[in-house]
>>> print(open('query_23.csv').read())   # CSV, C-alpha atoms and all ligand atoms
chain,number,residue,atom,x,y,z
W,1,MET,CA,-17.7,12.9,4.9
W,2,PRO,CA,-16.6,9.3,5.0
W,3,LYS,CA,-15.4,8.2,8.4
W,4,PHE,CA,-12.7,5.7,9.1
W,5,ILE,CA,-14.9,2.8,10.2
W,6,MET,CA,-13.9,0.5,13.0
W,7,ALA,CA,-14.7,-3.1,12.0
W,8,VAL,CA,-17.0,-4.9,14.3
W,9,ASN,CA,-18.1,-8.6,14.4
W,10,ILE,CA,-15.8,-9.7,11.7
W,11,HIS,CA,-16.5,-13.3,11.1
W,12,MET,CA,-13.1,-14.8,11.1
W,13,SER,CA,-13.9,-18.1,9.5
W,14,SER,CA,-11.0,-20.4,9.8
W,15,ILE,CA,-8.5,-19.8,7.1
W,16,SER,CA,-7.3,-23.4,7.3
W,17,ALA,CA,-10.7,-24.6,6.2
W,18,LEU,CA,-10.4,-22.5,3.1
W,19,GLN,CA,-7.5,-24.5,1.7
W,20,ALA,CA,-9.7,-27.6,1.1
W,21,LYS,CA,-12.2,-25.4,-0.8
W,22,LEU,CA,-9.7,-24.3,-3.5
W,23,VAL,CA,-10.5,-26.7,-6.3
W,24,PRO,CA,-8.7,-27.1,-9.6
W,25,GLY,CA,-10.6,-25.4,-12.4
W,26,GLN,CA,-12.2,-22.7,-10.3
W,27,LYS,CA,-11.9,-19.1,-11.3
W,28,ALA,CA,-10.2,-16.6,-9.0
W,29,VAL,CA,-9.6,-12.9,-9.3
W,30,ILE,CA,-7.1,-11.1,-7.2
W,31,THR,CA,-7.6,-7.4,-6.5
W,32,THR,CA,-5.5,-4.8,-4.7
W,33,HIS,CA,-5.6,-1.1,-3.8
W,34,PHE,CA,-5.6,2.0,-6.0
W,35,ASN,CA,-2.1,3.2,-6.8
W,36,PRO,CA,-0.8,-0.3,-6.3
W,37,ASP,CA,2.7,-0.3,-4.6
W,38,SER,CA,5.3,-3.0,-4.7
W,39,ASP,CA,3.7,-4.9,-1.8
W,40,ALA,CA,0.3,-4.8,-3.6
W,41,ILE,CA,1.6,-6.0,-6.9
W,42,GLY,CA,4.2,-8.4,-5.4
W,43,SER,CA,1.7,-10.2,-3.2
W,44,SER,CA,-1.0,-10.3,-6.0
W,45,LEU,CA,1.5,-11.9,-8.5
W,46,ALA,CA,2.9,-14.3,-5.9
W,47,TRP,CA,-0.6,-15.4,-4.9
W,48,GLN,CA,-1.7,-15.7,-8.6
W,49,GLN,CA,1.3,-18.0,-9.2
W,50,TYR,CA,0.4,-20.1,-6.2
W,51,LEU,CA,-3.3,-20.4,-7.2
W,52,THR,CA,-2.2,-21.4,-10.7
W,53,LEU,CA,0.0,-24.1,-9.3
W,54,LYS,CA,-3.1,-25.3,-7.4
W,55,GLY,CA,-4.9,-25.6,-10.7
W,56,LEU,CA,-7.1,-22.5,-10.5
W,57,HIS,CA,-7.5,-19.9,-13.2
W,58,ALA,CA,-6.3,-16.7,-11.5
W,59,GLN,CA,-6.4,-13.1,-12.9
W,60,VAL,CA,-4.9,-10.1,-11.2
W,61,ILE,CA,-7.0,-6.9,-11.6
W,62,VAL,CA,-6.0,-3.5,-10.4
W,63,PRO,CA,-8.0,-0.2,-10.1
W,64,SER,CA,-5.1,1.9,-11.5
W,65,ALA,CA,-1.9,1.6,-13.4
W,66,VAL,CA,1.1,-0.5,-12.3
W,67,SER,CA,4.0,2.0,-12.0
W,68,GLN,CA,6.9,1.7,-14.5
W,69,ASN,CA,9.4,0.4,-11.9
W,70,LEU,CA,7.1,-2.6,-11.0
W,71,GLN,CA,6.3,-3.7,-14.6
W,72,TRP,CA,9.3,-6.1,-14.7
W,73,MET,CA,7.8,-8.4,-12.1
W,74,PRO,CA,7.1,-11.9,-13.3
W,75,GLY,CA,3.4,-11.9,-14.5
W,76,ALA,CA,3.0,-8.1,-14.4
W,77,SER,CA,2.3,-7.8,-18.1
W,78,ALA,CA,-0.9,-9.9,-17.8
W,79,ILE,CA,-2.4,-7.7,-15.1
W,80,LEU,CA,-5.7,-6.0,-16.1
W,81,ASN,CA,-6.0,-2.3,-15.2
W,82,ALA,CA,-9.5,-0.8,-14.8
W,83,GLU,CA,-8.3,2.6,-16.0
W,84,ASN,CA,-7.6,1.1,-19.4
W,85,PRO,CA,-10.9,1.3,-21.4
W,86,ILE,CA,-10.3,-1.9,-23.3
W,87,GLN,CA,-9.3,-4.0,-20.3
W,88,LYS,CA,-12.1,-2.5,-18.3
W,89,VAL,CA,-14.6,-4.3,-20.5
W,90,GLN,CA,-13.0,-7.6,-19.6
W,91,ILE,CA,-12.9,-6.9,-15.9
W,92,ALA,CA,-16.6,-6.7,-14.9
W,93,PRO,CA,-17.5,-10.2,-16.1
W,94,LEU,CA,-14.3,-11.7,-14.6
W,95,ILE,CA,-15.2,-10.3,-11.2
W,96,GLU,CA,-18.9,-11.2,-11.5
W,97,GLN,CA,-18.2,-14.8,-12.5
W,98,ALA,CA,-15.3,-15.5,-10.2
W,99,ASP,CA,-15.6,-18.3,-7.6
W,100,TRP,CA,-13.1,-16.5,-5.5
W,101,VAL,CA,-12.3,-12.8,-5.0
W,102,PHE,CA,-9.0,-12.3,-3.2
W,103,CYS,CA,-8.5,-8.8,-1.7
W,104,LEU,CA,-4.8,-8.2,-1.0
W,105,ASP,CA,-3.1,-5.4,0.8
W,106,PHE,CA,-6.1,-3.3,1.7
W,107,SER,CA,-8.7,-3.4,4.4
W,108,GLY,CA,-11.5,-1.2,3.1
W,109,LEU,CA,-13.5,-1.4,-0.1
W,110,GLN,CA,-13.2,2.3,-0.8
W,111,ARG,CA,-9.5,1.7,-1.6
W,112,LEU,CA,-10.6,-0.2,-4.7
W,113,HIS,CA,-12.1,3.1,-6.1
W,114,GLN,CA,-14.0,2.2,-9.3
W,115,LEU,CA,-13.8,-1.6,-8.6
W,116,SER,CA,-15.3,-1.3,-5.1
W,117,SER,CA,-19.0,-1.9,-6.1
W,118,LEU,CA,-18.1,-4.8,-8.5
W,119,VAL,CA,-16.2,-6.5,-5.7
W,120,LYS,CA,-18.8,-5.7,-3.1
W,121,HIS,CA,-21.5,-7.4,-5.2
W,122,ALA,CA,-19.5,-10.2,-6.5
W,123,ARG,CA,-21.0,-13.6,-5.8
W,124,GLY,CA,-17.7,-15.4,-5.3
W,125,THR,CA,-16.2,-16.1,-1.9
W,126,LYS,CA,-14.2,-13.1,-0.7
W,127,VAL,CA,-10.9,-13.5,1.1
W,128,VAL,CA,-8.9,-10.6,2.6
W,129,ILE,CA,-5.2,-11.1,3.1
W,130,ASP,CA,-3.8,-7.9,4.6
W,131,HIS,CA,-1.9,-6.1,7.3
W,132,HIS,CA,-3.6,-2.7,7.5
W,133,LEU,CA,-5.5,-1.7,10.6
W,134,ASP,CA,-9.2,-2.0,11.2
W,135,PRO,CA,-10.4,-4.3,8.4
W,136,GLU,CA,-13.9,-3.7,7.2
W,137,ASP,CA,-16.5,-6.5,7.4
W,138,PHE,CA,-17.1,-7.3,3.7
W,139,ALA,CA,-15.3,-10.6,3.2
W,140,ASP,CA,-15.9,-14.3,4.1
W,141,TYR,CA,-12.4,-15.1,5.2
W,142,TYR,CA,-9.7,-13.0,6.7
W,143,TYR,CA,-6.0,-13.7,6.9
W,144,HIS,CA,-5.1,-10.5,8.7
W,145,ARG,CA,-2.2,-9.6,10.9
W,146,THR,CA,-1.2,-6.0,11.6
W,147,ILE,CA,2.0,-7.3,13.1
W,148,ALA,CA,3.1,-8.4,9.6
W,149,ALA,CA,5.3,-5.9,7.8
W,150,SER,CA,3.8,-6.6,4.4
W,151,THR,CA,1.1,-8.6,2.6
W,152,CYS,CA,3.9,-10.4,0.8
W,153,GLU,CA,5.1,-11.7,4.2
W,154,LEU,CA,1.5,-13.0,4.9
W,155,ILE,CA,1.4,-14.7,1.5
W,156,TYR,CA,4.6,-16.5,2.4
W,157,ASP,CA,3.3,-17.4,5.9
W,158,LEU,CA,0.0,-18.7,4.5
W,159,ILE,CA,1.6,-20.9,1.9
W,160,VAL,CA,3.9,-22.3,4.6
W,161,GLU,CA,1.0,-22.8,7.0
W,162,TRP,CA,-0.8,-24.8,4.3
W,163,GLY,CA,2.2,-27.1,4.0
W,164,ASP,CA,3.0,-25.9,0.5
W,165,GLU,CA,6.4,-24.4,1.1
W,166,GLU,CA,8.0,-26.5,-1.6
W,167,LEU,CA,5.7,-24.8,-4.2
W,168,ILE,CA,7.3,-21.4,-3.6
W,169,SER,CA,9.4,-20.8,-6.7
W,170,GLU,CA,12.2,-18.3,-7.3
W,171,GLU,CA,9.7,-16.2,-9.3
W,172,MET,CA,7.2,-16.1,-6.5
W,173,GLY,CA,10.0,-15.3,-4.1
W,174,THR,CA,11.1,-12.4,-6.3
W,175,CYS,CA,7.6,-10.9,-6.1
W,176,MET,CA,7.4,-11.5,-2.4
W,177,TYR,CA,10.8,-10.0,-1.7
W,178,SER,CA,9.8,-6.8,-3.6
W,179,GLY,CA,6.9,-6.2,-1.3
W,180,ILE,CA,8.8,-7.1,1.9
W,181,MET,CA,11.7,-4.8,0.9
W,182,THR,CA,9.6,-1.8,0.2
W,183,ASP,CA,7.1,-2.1,3.0
W,184,THR,CA,9.9,-2.3,5.5
W,185,GLY,CA,11.7,0.7,3.9
W,186,SER,CA,14.5,-1.6,2.9
W,187,PHE,CA,14.6,-3.3,6.3
W,188,ARG,CA,14.9,-0.2,8.4
W,189,HIS,CA,11.3,0.5,9.6
W,190,PRO,CA,10.3,-0.7,13.1
W,191,ASN,CA,8.1,-3.4,11.5
W,192,THR,CA,11.3,-5.3,10.4
W,193,THR,CA,11.0,-8.2,12.8
W,194,ALA,CA,13.3,-11.3,13.1
W,195,HIS,CA,10.5,-13.1,11.2
W,196,VAL,CA,10.9,-10.7,8.3
W,197,HIS,CA,14.6,-11.6,8.1
W,198,GLU,CA,13.8,-15.3,8.4
W,199,VAL,CA,11.3,-15.1,5.5
W,200,VAL,CA,13.8,-13.2,3.4
W,201,ALA,CA,16.6,-15.7,4.2
W,202,SER,CA,14.5,-18.5,2.8
W,203,LEU,CA,13.7,-16.4,-0.3
W,204,ILE,CA,17.4,-15.8,-0.9
W,205,LYS,CA,18.0,-19.6,-0.6
W,206,LEU,CA,15.6,-20.0,-3.4
W,207,GLY,CA,17.9,-17.9,-5.6
W,208,VAL,CA,16.1,-14.5,-5.4
W,209,ASN,CA,18.5,-11.8,-6.6
W,210,THR,CA,17.9,-9.1,-3.9
W,211,ASN,CA,20.4,-6.7,-5.4
W,212,ALA,CA,18.8,-6.8,-8.8
W,213,ILE,CA,15.3,-6.3,-7.3
W,214,HIS,CA,16.5,-3.3,-5.3
W,215,ARG,CA,18.0,-1.7,-8.4
W,216,LYS,CA,15.0,-2.4,-10.6
W,217,ILE,CA,12.6,-0.8,-8.0
W,218,PHE,CA,14.7,2.1,-6.7
W,219,ASP,CA,17.2,2.9,-9.4
W,220,SER,CA,14.9,3.1,-12.3
W,221,ALA,CA,13.9,6.8,-12.2
W,222,SER,CA,13.4,8.8,-15.4
W,223,ILE,CA,15.4,12.1,-15.6
W,224,ASP,CA,12.0,13.8,-15.2
W,225,ARG,CA,11.4,12.1,-12.0
W,226,LEU,CA,14.8,13.1,-10.5
W,227,LYS,CA,14.3,16.7,-11.6
W,228,PHE,CA,10.8,16.6,-10.1
W,229,LEU,CA,12.3,15.4,-6.8
W,230,GLY,CA,14.9,18.1,-6.9
W,231,HIS,CA,12.2,20.7,-7.5
W,232,ILE,CA,10.1,19.5,-4.6
W,233,LEU,CA,13.1,19.4,-2.2
W,234,ALA,CA,14.3,22.8,-3.3
W,235,ASN,CA,11.0,24.7,-3.5
W,236,ARG,CA,8.2,22.7,-1.8
W,237,LEU,CA,9.7,21.8,1.6
W,238,GLU,CA,9.3,23.6,4.9
W,239,TYR,CA,10.4,22.5,8.3
W,240,LEU,CA,8.3,23.6,11.3
W,241,SER,CA,10.9,23.0,14.0
W,242,GLU,CA,8.4,23.8,16.8
W,243,TYR,CA,6.4,20.8,15.7
W,244,HIS,CA,9.3,18.7,14.5
W,245,LEU,CA,7.4,18.4,11.2
W,246,ALA,CA,8.5,18.5,7.6
W,247,ILE,CA,5.8,19.7,5.2
W,248,MET,CA,6.0,19.2,1.5
W,249,TRP,CA,3.5,19.9,-1.2
W,250,ILE,CA,3.0,19.3,-4.9
W,251,THR,CA,0.8,21.5,-7.0
W,252,GLU,CA,-1.2,20.4,-10.1
W,253,GLU,CA,1.2,22.5,-12.2
W,254,ASP,CA,4.2,20.7,-10.7
W,255,LEU,CA,2.7,17.3,-11.8
W,256,VAL,CA,2.2,18.6,-15.4
W,257,GLN,CA,5.5,20.5,-15.7
W,258,PHE,CA,7.5,17.4,-14.7
W,259,ASN,CA,5.4,15.0,-16.7
W,260,SER,CA,4.7,13.1,-13.5
W,261,GLN,CA,3.8,9.4,-14.1
W,262,ALA,CA,2.1,6.8,-11.8
W,263,GLY,CA,4.4,6.1,-8.9
W,264,ASP,CA,6.5,9.3,-9.3
W,265,THR,CA,5.4,10.8,-6.0
W,266,GLU,CA,6.0,7.5,-4.2
W,267,GLY,CA,8.5,7.8,-1.4
W,268,ILE,CA,8.9,11.6,-1.6
W,269,VAL,CA,7.4,12.1,1.8
W,270,ASN,CA,10.1,10.0,3.4
W,271,TYR,CA,12.7,12.6,2.6
W,272,GLY,CA,11.2,14.8,5.3
W,273,LEU,CA,12.2,12.4,8.0
W,274,GLN,CA,15.9,12.8,7.0
W,275,ILE,CA,15.9,16.2,8.7
W,276,ALA,CA,17.7,16.0,12.1
W,277,GLY,CA,15.0,16.2,14.8
W,278,ALA,CA,12.1,15.5,12.5
W,279,ILE,CA,9.4,13.3,14.1
W,280,TRP,CA,7.0,13.4,11.2
W,281,ALA,CA,6.5,14.4,7.6
W,282,ILE,CA,3.5,15.3,5.6
W,283,LEU,CA,3.2,15.5,1.8
W,284,LEU,CA,0.2,17.2,0.2
W,285,ILE,CA,-0.5,16.6,-3.5
W,286,ALA,CA,-3.1,18.5,-5.5
W,287,ARG,CA,-4.4,15.7,-7.7
W,288,PRO,CA,-7.1,16.4,-10.3
W,289,ASP,CA,-9.6,14.6,-8.1
W,290,GLY,CA,-8.7,16.3,-4.9
W,291,ILE,CA,-6.0,16.9,-2.3
W,292,LYS,CA,-4.2,13.7,-1.2
W,293,LEU,CA,-2.0,13.6,1.9
W,294,SER,CA,0.8,11.2,2.9
W,295,PHE,CA,2.0,10.9,6.5
W,296,ARG,CA,5.2,9.4,7.9
W,297,SER,CA,6.5,9.3,11.4
W,298,ILE,CA,9.1,7.8,13.6
W,299,GLU,CA,8.3,5.6,16.6
W,300,PRO,CA,6.3,6.1,18.8
W,301,PHE,CA,4.4,9.0,17.2
W,302,ALA,CA,1.2,7.7,15.5
W,303,VAL,CA,0.2,9.5,12.3
W,304,ASN,CA,-2.7,7.2,11.6
W,305,THR,CA,-4.9,8.8,14.3
W,306,PHE,CA,-3.9,12.3,13.1
W,307,ALA,CA,-4.8,11.3,9.5
W,308,ALA,CA,-8.1,9.7,10.6
W,309,THR,CA,-9.1,12.6,12.8
W,310,TYR,CA,-8.4,15.5,10.5
W,311,PHE,CA,-7.9,14.2,7.0
W,312,GLU,CA,-10.4,11.4,6.2
W,313,GLY,CA,-7.6,8.9,6.3
W,314,GLY,CA,-5.8,6.3,8.3
W,315,GLY,CA,-3.3,3.4,7.7
W,316,HIS,CA,-0.3,2.2,9.6
W,317,LYS,CA,1.0,3.8,12.8
W,318,ASN,CA,4.0,5.3,11.1
W,319,ALA,CA,2.8,5.5,7.5
W,320,SER,CA,-0.7,6.7,6.6
W,321,GLY,CA,-2.7,8.4,3.9
W,322,GLY,CA,-5.5,10.8,3.9
W,323,ARG,CA,-7.4,13.4,1.8
W,324,PHE,CA,-8.8,16.9,2.1
W,325,SER,CA,-12.1,17.5,0.4
W,326,GLY,CA,-12.7,21.0,1.9
W,327,GLY,CA,-11.0,23.0,-0.9
W,328,SER,CA,-7.6,23.9,-2.4
W,329,LEU,CA,-4.1,23.0,-1.5
W,330,THR,CA,-3.7,26.3,0.3
W,331,GLN,CA,-6.8,25.6,2.3
W,332,ALA,CA,-5.5,22.1,3.2
W,333,ARG,CA,-2.3,23.7,4.5
W,334,GLU,CA,-4.4,26.2,6.5
W,335,LYS,CA,-6.3,23.4,8.1
W,336,LEU,CA,-3.0,21.7,8.9
W,337,GLN,CA,-1.7,24.9,10.6
W,338,GLU,CA,-4.9,25.1,12.5
W,339,VAL,CA,-4.8,21.7,14.0
W,340,LEU,CA,-1.0,21.5,14.7
W,341,PRO,CA,-1.2,23.3,18.1
W,342,LEU,CA,-3.5,20.5,19.3
W,343,TYR,CA,-0.7,18.1,18.9
W,344,LEU,CA,2.1,20.1,20.5
W,345,SER,CA,2.0,18.3,23.8
W,346,GLU,CA,2.1,14.9,22.2
W,347,ILE,CA,5.0,16.0,20.0
W,348,ASN,CA,6.9,17.3,23.0
W,349,ARG,CA,6.2,14.0,24.9
W,350,VAL,CA,7.5,11.9,22.0
W,351,LYS,CA,10.6,14.2,21.6
W,352,LYS,CA,11.7,13.4,25.1
W,353,LEU,CA,11.6,9.6,24.5
W,401,MN,MN,1.4,-3.5,2.2
>>> encode(input="query_23.csv", output="structure tokens", more="lines below")
Ligand SMILES: [Mn+2]
Amino acid sequence: MPKFIMAVNIHMSSISALQAKLVPGQKAVITTHFNPDSDAIGSSLAWQQYLTLKGLHAQVIVPSAVSQNLQWMPGASAILNAENPIQKVQIAPLIEQADWVFCLDFSGLQRLHQLSSLVKHARGTKVVIDHHLDPEDFADYYYHRTIAASTCELIYDLIVEWGDEELISEEMGTCMYSGIMTDTGSFRHPNTTAHVHEVVASLIKLGVNTNAIHRKIFDSASIDRLKFLGHILANRLEYLSEYHLAIMWITEEDLVQFNSQAGDTEGIVNYGLQIAGAIWAILLIARPDGIKLSFRSIEPFAVNTFAATYFEGGGHKNASGGRFSGGSLTQAREKLQEVLPLYLSEINRVKKL
């Protein structure tokens, strides 16, 4: 059973020294996590555009498909997906021969799924740019801040830190805004700092159309997706008032019946927090390769420790993921019921705050 590993002795080579080592003509690959979200894709594409402006050959490679509502992003059509058999053949040599391997929006190699071993053994210099907790020690450079609300924010900060602010184009800004908007829950999560708004203000000044981006990302559902959501809310939601917890679950049959596509389950867990009094929400999904869990919570309740302790996961304090490898969806729910009483005192403490 894999454990959530605390990183030790990470050699934080100076990120400022790295800038001088980026030389025109070099080859770079940019990778991000499985099931890439808007921050993963937005940061990867903005970074690719930046590297291209610096004269490098940069290719974005993802371990699984880019969801439909992100495919409009500038540069998205050139992304290589390891799940595509034809593109997969191109991917291995690109990673093997790259001078640079940029790892964006993830802190552990296992999040690369089938790309993890290729990246691990790549000869190129590895650079992590990320805001998740506990980064693993596998890269040469880290630009890592858990205080950052998104990796897109970090990309912005790094480019500015390197004195290249004038290189940030409207297209790059569009990609960055997408990730900042979604990772802050449209600017309502506690990670929405004054700095986030400052970054966004400068992106708007570049001409980024925030309203159009919001519509493209959030108002682009298929009718299947809306009916799927209706089905989950009507038939797959329970509220355990004693624990201030909303539980939702999605069966393998649900995924088939509603023709669920990549990204269709994204955000569903958040609906649980709309219940008055809810402190946290859990969504369990029976995927063909196992039971996946999503956790959300309101401040100051930490779901990442819960996810790490009981469900082989981790993540952010208020937004985490995990999995259950001990059996079926029913068994995962049983395990949940079993461990909930252990959290009662913490829940009651948080409730009073
Ligand atoms: Mn992110």
>>> residues_around(input="query_23.csv", residues="W:Thr146", least_positions_apart="5", cutoff="10 Å", atoms="all atoms listed in the file", output="JSON, numbers by chain")
{"W": [130, 131, 132, 133, 134, 135, 151, 191, 316]}
>>> residues_near_ligand(input="query_23.csv", ligand="ligand MN 401 (chain W)", cutoff="7 Å", atoms="all atoms listed in the file", output="list in words")
Asp39, Ala40, Asp105, His131, Ser150, Thr151 and Asp183 of chain W
>>> closest_residue(input="query_23.csv", among="W:Leu229, W:Ile168, W:Ala234, W:Ile279", to="W:Gly207", atoms="all atoms listed in the file")
W:Ile168
>>> closest_residue(input="query_23.csv", among="W:Gln19, W:Thr309, W:Gln110, W:Gln90", to="W:Val160", atoms="only C-alpha atoms")
W:Gln19
>>> residues_around(input="query_23.csv", residues="stretch 242-247 of chain W", least_positions_apart="2", cutoff="7 Å", atoms="all atoms listed in the file", output="count of residues only")
15
